[in-house]
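Below: one structure, written as structure tokens.
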Amino acid sequence: MIKLIATDIDGTFLNDQNEYPVERFNRQLKQMQQLGIHFVVASGNQYRHLQDIFKEKSPVNTFISENGGLIMHRNQVIDAEPLPQPQLRLVLRRLTHDPAFADSSINLSGRNGNYMEKGDRLSDDPEMQYYFSNIKFVSDLAAVQDEIYKVNLISEHAKVAPNARYLTQILPTDFQATPSGFGSIDIIPTVVNKGTALALLEDYWQLNPDQVMAFGDNLNDAEMLQHAHYGYAMKNARPELKAQTSFVTNLDNNSAGVFDIIDQVLSRVNE
């Protein structure tokens, strides 16, 4: 029996207008809670942004944020993997001094806010305002004093794949660059990913991967979908991700693909 359902947010749980069927999901969530099925949001986004998505709409209380860098349950920290300050400064030096990233926006995702340099070209961008809660503008990213979970690099969409490959070559071996959608690349420790975070929650709730279902659409979901016994790539997922998973949803994110599968799970349980 499924005991844990985890889902990515953008391009998966949400449609392209950043919406979800609230009433339908709330009915599902109530059923899941009655059946002892844990529901987990697993995203590269900040914890605060994920809370904002569900605030006053749905009582979701477990979040894998920052691609696994911060796991929260009922506002309590289950696990946190902030970037060590020396390595963080090294990564920032390489990014800021490399002409390949001269047109890119660099920001830091931390426990107490999201940090951008003053005058950053995306400082007034509406999409930035949506995705990054509590933006703080600073004169030097390397001087930020906070627990930082990832370095986020935003480039033109066409540059994401080549930039990610290039970053893999120039970053320290204990860091990885993973595309996370919308022209964004997340730079995180190699030990951090959604699959490892999911395994930590399984230990926390004394579950095993055979009891887990997960959904995602992008390459930062790969480890999570491979770890879960029922790992679903969305119909709209990147082809590279579909090639790595055993299951693909019948419907895309704009047609409530996640909710369709959850309904199937709940109907089987209630038979």
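For the structure tokens, the naming scheme is as follows: chains receive sequential letters (A, B, ...) according to their order of presentation, residues are indexed from 1 within each chain, and ligands are indexed from 1 in presentation order.
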
Would you mind writing down, as a count of residues only, each residue of region 138-250 of chain A that DSSP on the backbone assigns to strand (DSSP E)? 32

Which residues of region 116-153 of chain A come within 8 Å of region 26-48 of chain A, and for each one, what is the closest pair of atoms and their distance in Å to one decimal, counting only C-alpha atoms, sorted by chain and residue number, as JSON lines?
{"residue": "A:Tyr131", "atom": "CA", "partner": "A:Asn45", "partner_atom": "CA", "distance": 7.2}
{"residue": "A:Phe132", "atom": "CA", "partner": "A:Gln46", "partner_atom": "CA", "distance": 7.1}
{"residue": "A:Ser133", "atom": "CA", "partner": "A:Arg48", "partner_atom": "CA", "distance": 6.5}

Counting only C-alpha atoms, which residues of region 50-123 of chain A fall within 8 Å of region 154-162 of chain A, and what is the closest atom pair for each with its distance in Å at one decimal, ordered by chain and rising number, as a Markdown table?
| residue | atom | partner | partner_atom | distance |
| --- | --- | --- | --- | --- |
| A:Phe101 | CA | A:Ser155 | CA | 8.0 |
| A:Asp103 | CA | A:Ser155 | CA | 7.1 |
| A:Ser104 | CA | A:Ser155 | CA | 4.8 |
| A:Ser105 | CA | A:Ile154 | CA | 5.1 |
| A:Ile106 | CA | A:Ile154 | CA | 6.6 |

Write out as an MDAnalysis selection string the set of residues from region 29-86 of chain A that DSSP, computed on the backbone, places in alpha helix (DSSP H). chainID A and resid 29:34 47:54 85:86

Applying 12 Å and only C-alpha atoms, which residues near Phe137 (chain A) remain after dropping the ones on its own chain fewer than 4 positions away? List them as an MDAnalysis selection string. chainID A and resid 106:108 113:120 122:124 141 143:144

Separation of CA of Asn254 (chain A) from CA of Asn18 (chain A) in Å: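 Distance reported for this atom pair: 9.8 Å.
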